[in-house]
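Novice: Sharing a structure with you now.
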Amino acid sequence: MKALMKAGWVQVRSSGELIFKKAGSDVLVRVPNHPGKDLKRGTLRAIVKDAGLTTEEFKELL
């Protein structure tokens with residue numbers, strides 16, 4: 001979540017999952033909100049892809 005926020009995404013909703021939106025974009029990025037559980041690799045890759053980031057860009061934001 002912090003990496004998305006550093007990339008300019010803002011949380012707009014939370015109801016079982018966190019929804020992020022970026023100014024000037026119609027894309028919504030959904031992040032599962034399951035406290036105490038890690039995201040699966042495929043889920044994380046999908047989030048990074050939906051946010052329009054490369055793996056390297058995402059790692060730099062962490």
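Residues are named by chain letter and number: chains run A, B, ... in the order of the structure tokens, numbers start at 1 in each chain, and ligands are numbered from 1 in the order shown.
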Looking only at strand (DSSP E or B) from DSSP on the backbone, list the matching residues of chain A as a ChimeraX atom specification.
Specialist: /A:9-14,17-22,28-32
Novice: How about saving the chosen residues, C-alpha atoms kept, as a tab-separated table (two decimals), in the first residue's frame?
Specialist:
chain	number	residue	atom	x	y	z
A	9	TRP	CA	-2.26	6.40	-5.84
A	10	VAL	CA	-4.81	7.47	-3.21
A	11	GLN	CA	-7.06	5.16	-1.21
A	12	VAL	CA	-10.67	5.99	-2.06
A	13	ARG	CA	-12.57	3.13	-0.41
A	14	SER	CA	-12.15	0.17	1.86
A	17	GLU	CA	-10.45	-4.69	-0.02
A	18	LEU	CA	-8.65	-1.39	-0.38
A	19	ILE	CA	-9.44	0.57	-3.54
A	20	PHE	CA	-6.86	3.02	-4.91
A	21	LYS	CA	-7.30	5.65	-7.64
A	22	LYS	CA	-4.76	7.90	-9.31
A	28	LEU	CA	-8.98	1.41	-9.92
A	29	VAL	CA	-6.41	-0.79	-8.19
A	30	ARG	CA	-7.85	-3.28	-5.71
A	31	VAL	CA	-5.74	-4.64	-2.86
A	32	PRO	CA	-7.13	-7.45	-0.67
Novice: For Gly52 in chain A, please output as a list of chain:residue names all residues within 10 Å (counting only C-alpha atoms; exclusion window: fewer than 4 positions along the same chain).
Specialist: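 Once the nearby chain positions are removed, what remains is A:Ala7, A:Val27, A:Val29, A:Ala46, A:Ile47, A:Val48, A:Glu57, A:Phe58.
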Novice: Can you list, as a ChimeraX atom specification, every residue of range 3-48 of chain A that DSSP puts in alpha helix (DSSP H)?
Specialist: /A:3-6,41-48
Novice: One decimal, in Å: what's the spacing between CA of His34 in chain A and CA of Gly16 in chain A?
Specialist: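 Interatomic distance here is 7.7 Å.
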Novice: At what distance in Å, to one decimal, does CA of Thr55 in chain A lie from CA of Leu4 in chain A?
Specialist: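 Between CA of Leu4 in chain A and CA of Thr55 in chain A the gap is 12.4 Å.
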Novice: Calculate how many Å separate CA of Pro35 in chain A from CA of Ala23 in chain A, rounding to one decimal.
Specialist: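 Computing the Euclidean distance for CA of Pro35 in chain A and CA of Ala23 in chain A yields 27.4 Å.
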